[in-house]
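Presented below is the structure to which this report refers.
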Amino acid sequence: MTSALQQRIVRSEIPNPLTNIPLVMLHGWGLNSGVFDQIAPLLAQHSDVILIDLPGFGDNANMPLTSLEAVVEQIHNALPERCNLLGWSLGGLIAQKLVLTYPECVENLVCVASTPFFMAQAHEWFGIAPKVLQQFETQLATNYQKTVQRFLAIQAMGSVSAKQDMHVLKDAIARYPEPCEASLLQGLKLLQTVDIRKEIDLIQCPTLRIYGRLDALVPNQAVNAIEALQPKATSVVMEHVSHAPFISDKNNFVQIVRDFLQKS
């Protein structure tokens with residue numbers, strides 16, 4: 001029997017929140033739920049916030065990350081009966097698959113700097129160059145800490161507050177247990193191989209997709225292609241930010257998410 005994922009809950013700061021549906025948040029590759037520590041209290045003014053570390057990361061570093069289907073089941077088992085779901089980067093890819101697999105438990109989906117397919121395809125799809133992830137995979141075998149640091153630098157690259165963003169992301173790693181090296185490698189494989197482009201139009205719940213215009217991992221050129229695959233979704237492109245818009249422009253980010261959840 002699979003062990004249950006640990007989670008952290010940030011309680012609503014007001015006696016009567018706008019909704020009693022909690023917001024579950026999933027982080028991206030190489031990091032942990034600490035990346036949301038700055039915005040979780042702000043979002044908790046709207047509802048309780050549940051932070052779940054992916055298997056192999058943060059407080060769940062002792063649990064291996066395996067297949068997409070397995071991690072979706074693990075996350076689903078940790079969810080309340082009804083929730084709103086926000087996923088960033090790899091967490092957004094997992095969140096999309098979870099909503100497709102268990103549509104009954106998610107009221108609203110928010111995908112942040114995420115995509116149904118992360119790998120670029122020449123003249124067909126904008127994303128991460130295959131050689132970049134291949135280099136990360138090779139480097140993981142010799143120095144995983146340096147590899148993660150390099151990935152963080154790419155995530156912050158382009159933001160007007162890149163140095164500050166990088167500092168915040170590094171702090172998020174330091175406050176929680178180090179990731180499992182095998183899970184880092186498996187996470188890269190998910191970024192390389194998972195392709196749910198043909199499925200996302202089947203997502204039934206209201207969906208908000210937030211992008212950073214300066215994002216090098218989910219480039220701005222991909223937005224129109226993703227919109228064509230899921231035309232019912234709402235897209236917001238935030239200016240002057242890169243792959244971590246909730247760090248570069250947290251107040252604006254929180255307002256965008258709260259407005260979407262209040263209207264849904």
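A note on labels: chains of the structure tokens are A, B, ... as shown, every chain counts residues from 1, and ligands are counted from 1 in their shown order.
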
Restrict the calculation to only C-alpha atoms, then for each residue of range 2-69 of chain A with any atom at most 12 Å from an atom of range 146-158 of chain A give the closest atom pair and their distance in Å to one decimal, rows by chain and rising residue number, as a Markdown table.
| residue | atom | partner | partner_atom | distance |
| --- | --- | --- | --- | --- |
| A:Gly28 | CA | A:Gln155 | CA | 10.6 |
| A:Trp29 | CA | A:Val148 | CA | 8.8 |
| A:Gly30 | CA | A:Val148 | CA | 6.0 |
| A:Leu31 | CA | A:Val148 | CA | 8.4 |
| A:Val35 | CA | A:Leu152 | CA | 11.6 |

Requested in this report: Please provide the set of residues having any atom within 10 Å of Trp125 in chain A, restricted to only C-alpha atoms, with same-chain residues fewer than 5 positions apart removed, written as a ChimeraX atom specification.
Outcome: /A:117-120,221-222,225-226

I need the chosen residues saved as a short mmCIF file (atom, residue, chain, number, x, y, z; two decimals), in the first residue's frame, with N, CA and C atoms.
data_model
loop_
_atom_site.label_atom_id
_atom_site.label_comp_id
_atom_site.auth_asym_id
_atom_site.auth_seq_id
_atom_site.Cartn_x
_atom_site.Cartn_y
_atom_site.Cartn_z
N PHE A 117 2.76 19.85 -23.23
CA PHE A 117 3.94 19.17 -23.77
C PHE A 117 5.13 20.13 -23.70
N PHE A 118 6.13 19.78 -22.93
CA PHE A 118 7.23 20.72 -22.66
C PHE A 118 8.32 20.72 -23.72
N MET A 119 8.47 19.66 -24.46
CA MET A 119 9.59 19.56 -25.41
C MET A 119 9.29 20.28 -26.72
N ALA A 120 10.27 21.03 -27.20
CA ALA A 120 10.12 21.70 -28.49
C ALA A 120 10.24 20.69 -29.63
N GLN A 221 5.55 32.12 -27.68
CA GLN A 221 5.05 31.62 -28.97
C GLN A 221 4.16 30.39 -28.82
N ALA A 222 4.24 29.73 -27.65
CA ALA A 222 3.43 28.52 -27.44
C ALA A 222 2.00 28.85 -27.04
N ALA A 225 -0.79 28.29 -29.65
CA ALA A 225 -0.96 26.86 -29.96
C ALA A 225 -1.73 26.15 -28.85
N ILE A 226 -1.43 26.51 -27.59
CA ILE A 226 -2.15 25.89 -26.47
C ILE A 226 -3.61 26.35 -26.46
#

Counting only C-alpha atoms, what are the residues of range 4-116 of chain A within 10 Å of range 170-178 of chain A, and for each of them which pair of atoms is the nearest and at what distance in Å, to one decimal? Sort the table by chain and rising number, as a Markdown table.
| residue | atom | partner | partner_atom | distance |
| --- | --- | --- | --- | --- |
| A:Gly30 | CA | A:Ile173 | CA | 8.4 |
| A:Leu31 | CA | A:Ile173 | CA | 5.8 |
| A:Asn32 | CA | A:Ile173 | CA | 6.6 |
| A:Ser33 | CA | A:Ala172 | CA | 7.7 |
| A:Gly34 | CA | A:Ala172 | CA | 4.7 |
| A:Val35 | CA | A:Ala172 | CA | 5.2 |
| A:Phe36 | CA | A:Ala172 | CA | 8.5 |
| A:Asp37 | CA | A:Ala172 | CA | 8.2 |
| A:Gly56 | CA | A:Glu178 | CA | 8.9 |
| A:Phe57 | CA | A:Glu178 | CA | 6.9 |
| A:Gly58 | CA | A:Pro177 | CA | 5.0 |
| A:Asp59 | CA | A:Pro177 | CA | 6.2 |
| A:Asn60 | CA | A:Pro177 | CA | 8.4 |
| A:Ala61 | CA | A:Pro177 | CA | 6.8 |
| A:Asn62 | CA | A:Pro177 | CA | 9.4 |

Keeping only C-alpha atoms, write the selected residues as a JSON list (two decimals), in the first residue's frame.
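Printed below is again20.json as written:
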[["chain", "number", "residue", "atom", "x", "y", "z"],
["A", 30, "GLY", "CA", 13.67, 20.43, -8.78],
["A", 31, "LEU", "CA", 11.93, 22.50, -6.11],
["A", 32, "ASN", "CA", 9.28, 22.02, -3.43],
["A", 33, "SER", "CA", 6.16, 23.68, -2.07],
["A", 34, "GLY", "CA", 8.31, 26.32, -0.36],
["A", 35, "VAL", "CA", 8.19, 28.29, -3.62],
["A", 36, "PHE", "CA", 4.61, 29.21, -2.70],
["A", 37, "ASP", "CA", 5.36, 30.41, 0.84],
["A", 56, "GLY", "CA", 10.61, 12.74, -4.39],
["A", 57, "PHE", "CA", 10.66, 16.41, -3.36],
["A", 58, "GLY", "CA", 10.47, 18.44, -0.15],
["A", 59, "ASP", "CA", 8.65, 16.73, 2.71],
["A", 60, "ASN", "CA", 7.89, 13.80, 0.39],
["A", 61, "ALA", "CA", 11.52, 13.29, -0.71],
["A", 62, "ASN", "CA", 11.43, 9.75, 0.71]]

Report task. Find the spatial neighbours of Glu199 in chain A, counting only C-alpha atoms, within a cut-off of 10 Å - ignore same-chain residues fewer than 4 positions away - and output them as a list in words. Result ->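 After dropping sequence-adjacent residues, the list is Gln96, Lys97, Leu100, Pro116, Asp195, Ile203, Leu229 and Gln230 of chain A.
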
**Report entry** DSSP helix (DSSP H, G or I) residues within range 6-239 of chain A, listed as a PyMOL selection string
**Finding:** chain A and resi 33-36+40-43+58-60+68-78+90-101+103-105+130-140+144-156+162-174+181-193+200-202+222-229

Query - range 3-7 of chain A environment, 9 Å, only C-alpha atoms, sequence neighbours closer than 6 positions dropped, as a PyMOL selection string - result: chain A and resi 50-55+59-60+63+74-75+77-78

Report task. Tell me which protein, DNA and RNA residues are within 6 Å of Asn108 in chain A, counting only C-alpha atoms, leaving out same-chain ones fewer than 5 positions away, and put them as a list of chain:residue names. Result -> A:Asn84, A:Cys205, A:Pro206

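When only C-alpha atoms are used to compute distances to Ser235 in chain A, the closest of the residues A:Leu68, A:Val223, A:Ile200, A:Met25 turns out to be A:Val223.
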
Query raised in the report: Quick one: DSSP strand (DSSP E) residues in range 26-232 of chain A, as a ChimeraX atom specification?
Result: /A:26,49-52,83-88,106-112,207-212

Can I get the selected residues back with N, CA and C atoms, as a PDB file, in the first residue's frame?
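Result file is part.pdb:
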ATOM      1  N   LEU A  26       0.561  22.698  -6.521  1.00  0.00           N
ATOM      2  CA  LEU A  26       1.624  21.750  -6.870  1.00  0.00           C
ATOM      3  C   LEU A  26       2.787  22.511  -7.501  1.00  0.00           C
ATOM      4  N   VAL A  49      -5.445  27.027   1.859  1.00  0.00           N
ATOM      5  CA  VAL A  49      -4.486  26.620   0.836  1.00  0.00           C
ATOM      6  C   VAL A  49      -3.780  25.352   1.308  1.00  0.00           C
ATOM      7  N   ILE A  50      -3.739  24.350   0.445  1.00  0.00           N
ATOM      8  CA  ILE A  50      -3.067  23.088   0.751  1.00  0.00           C
ATOM      9  C   ILE A  50      -1.854  22.956  -0.163  1.00  0.00           C
ATOM     10  N   LEU A  51      -0.679  22.843   0.445  1.00  0.00           N
ATOM     11  CA  LEU A  51       0.573  22.729  -0.306  1.00  0.00           C
ATOM     12  C   LEU A  51       1.046  21.278  -0.249  1.00  0.00           C
ATOM     13  N   ILE A  52       1.205  20.668  -1.407  1.00  0.00           N
ATOM     14  CA  ILE A  52       1.612  19.265  -1.481  1.00  0.00           C
ATOM     15  C   ILE A  52       2.923  19.169  -2.248  1.00  0.00           C
ATOM     16  N   CYS A  83     -11.958  20.534  -4.545  1.00  0.00           N
ATOM     17  CA  CYS A  83     -10.898  21.526  -4.407  1.00  0.00           C
ATOM     18  C   CYS A  83     -10.738  22.300  -5.707  1.00  0.00           C
ATOM     19  N   ASN A  84     -10.049  23.431  -5.603  1.00  0.00           N
ATOM     20  CA  ASN A  84      -9.479  24.092  -6.763  1.00  0.00           C
ATOM     21  C   ASN A  84      -8.023  23.651  -6.836  1.00  0.00           C
ATOM     22  N   LEU A  85      -7.491  23.530  -8.047  1.00  0.00           N
ATOM     23  CA  LEU A  85      -6.153  22.958  -8.218  1.00  0.00           C
ATOM     24  C   LEU A  85      -5.288  23.897  -9.036  1.00  0.00           C
ATOM     25  N   LEU A  86      -4.116  24.244  -8.477  1.00  0.00           N
ATOM     26  CA  LEU A  86      -3.144  25.093  -9.176  1.00  0.00           C
ATOM     27  C   LEU A  86      -1.838  24.323  -9.312  1.00  0.00           C
ATOM     28  N   GLY A  87      -1.322  24.256 -10.532  1.00  0.00           N
ATOM     29  CA  GLY A  87      -0.057  23.585 -10.770  1.00  0.00           C
ATOM     30  C   GLY A  87       0.885  24.471 -11.551  1.00  0.00           C
ATOM     31  N   TRP A  88       2.128  24.516 -11.089  1.00  0.00           N
ATOM     32  CA  TRP A  88       3.156  25.332 -11.741  1.00  0.00           C
ATOM     33  C   TRP A  88       4.139  24.425 -12.476  1.00  0.00           C
ATOM     34  N   VAL A 106     -12.202  18.252  -8.939  1.00  0.00           N
ATOM     35  CA  VAL A 106     -11.603  19.574  -9.144  1.00  0.00           C
ATOM     36  C   VAL A 106     -12.639  20.533  -9.713  1.00  0.00           C
ATOM     37  N   GLU A 107     -12.849  21.631  -8.984  1.00  0.00           N
ATOM     38  CA  GLU A 107     -13.819  22.638  -9.413  1.00  0.00           C
ATOM     39  C   GLU A 107     -13.235  23.568 -10.475  1.00  0.00           C
ATOM     40  N   ASN A 108     -11.996  24.017 -10.250  1.00  0.00           N
ATOM     41  CA  ASN A 108     -11.335  24.948 -11.157  1.00  0.00           C
ATOM     42  C   ASN A 108      -9.861  24.575 -11.250  1.00  0.00           C
ATOM     43  N   LEU A 109      -9.282  24.778 -12.435  1.00  0.00           N
ATOM     44  CA  LEU A 109      -7.880  24.449 -12.673  1.00  0.00           C
ATOM     45  C   LEU A 109      -7.124  25.712 -13.054  1.00  0.00           C
ATOM     46  N   VAL A 110      -5.961  25.910 -12.414  1.00  0.00           N
ATOM     47  CA  VAL A 110      -5.069  27.011 -12.766  1.00  0.00           C
ATOM     48  C   VAL A 110      -3.718  26.421 -13.140  1.00  0.00           C
ATOM     49  N   CYS A 111      -3.300  26.640 -14.376  1.00  0.00           N
ATOM     50  CA  CYS A 111      -1.993  26.177 -14.844  1.00  0.00           C
ATOM     51  C   CYS A 111      -1.068  27.386 -14.968  1.00  0.00           C
ATOM     52  N   VAL A 112       0.058  27.335 -14.283  1.00  0.00           N
ATOM     53  CA  VAL A 112       0.995  28.462 -14.250  1.00  0.00           C
ATOM     54  C   VAL A 112       2.280  28.073 -14.972  1.00  0.00           C
ATOM     55  N   THR A 207     -10.824  26.652 -16.663  1.00  0.00           N
ATOM     56  CA  THR A 207      -9.367  26.590 -16.635  1.00  0.00           C
ATOM     57  C   THR A 207      -8.772  27.960 -16.900  1.00  0.00           C
ATOM     58  N   LEU A 208      -7.829  28.339 -16.052  1.00  0.00           N
ATOM     59  CA  LEU A 208      -7.051  29.565 -16.237  1.00  0.00           C
ATOM     60  C   LEU A 208      -5.611  29.174 -16.505  1.00  0.00           C
ATOM     61  N   ARG A 209      -5.039  29.740 -17.560  1.00  0.00           N
ATOM     62  CA  ARG A 209      -3.630  29.506 -17.877  1.00  0.00           C
ATOM     63  C   ARG A 209      -2.885  30.830 -17.771  1.00  0.00           C
ATOM     64  N   ILE A 210      -1.891  30.870 -16.871  1.00  0.00           N
ATOM     65  CA  ILE A 210      -1.103  32.079 -16.641  1.00  0.00           C
ATOM     66  C   ILE A 210       0.301  31.853 -17.188  1.00  0.00           C
ATOM     67  N   TYR A 211       0.756  32.796 -18.010  1.00  0.00           N
ATOM     68  CA  TYR A 211       2.075  32.701 -18.615  1.00  0.00           C
ATOM     69  C   TYR A 211       2.905  33.940 -18.265  1.00  0.00           C
ATOM     70  N   GLY A 212       4.235  33.790 -18.350  1.00  0.00           N
ATOM     71  CA  GLY A 212       5.136  34.930 -18.283  1.00  0.00           C
ATOM     72  C   GLY A 212       5.633  35.242 -19.682  1.00  0.00           C
TER      73      GLY A 212
END

Report task. Kindly give the distance, in Å, that separates CA of Asn143 in chain A and CA of Pro179 in chain A, rounded to a single decimal. Result -> 13.0 Å

Query raised in the report: Of the residues A:Lys250, A:Lys198, A:Lys263, A:His76, which is the one nearest to Pro41 in chain A, using only C-alpha atoms?
Result: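 Using only C-alpha atoms, the shortest distance to Pro41 in chain A belongs to A:Lys250.
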
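Reported to one decimal place, the separation of CA of Asp201 in chain A from CA of Leu185 in chain A is 29.2 Å.
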
Requested in this report: With a distance cut-off of 9 Å and only C-alpha atoms, select the neighbouring residues of Met238 in chain A, excluding the residue or stretch itself and same-chain residues fewer than 3 positions from it, and output the selection as a list in words.
Outcome: Ile210, Tyr211, Gly212, Arg213, Leu214, Val241, Ser242, Pro245, Asp249, Asn252 and Phe253 of chain A

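When CA of Gln164 in chain A is paired with CA of Leu217 in chain A, their separation reads 18.8 Å.
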
Query raised in the report: Counting only C-alpha atoms, which of A:Glu227, A:Glu73, A:Asp165, A:Glu181 gets nearest to Gln139 in chain A?
Result: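 Once distances to Gln139 in chain A are computed over only C-alpha atoms, the minimum belongs to A:Glu181.
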
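Nearest to Ser159 in chain A of all the residues A:His240, A:Leu133, A:Ala182, A:Arg197 is A:His240, based on only C-alpha atoms.
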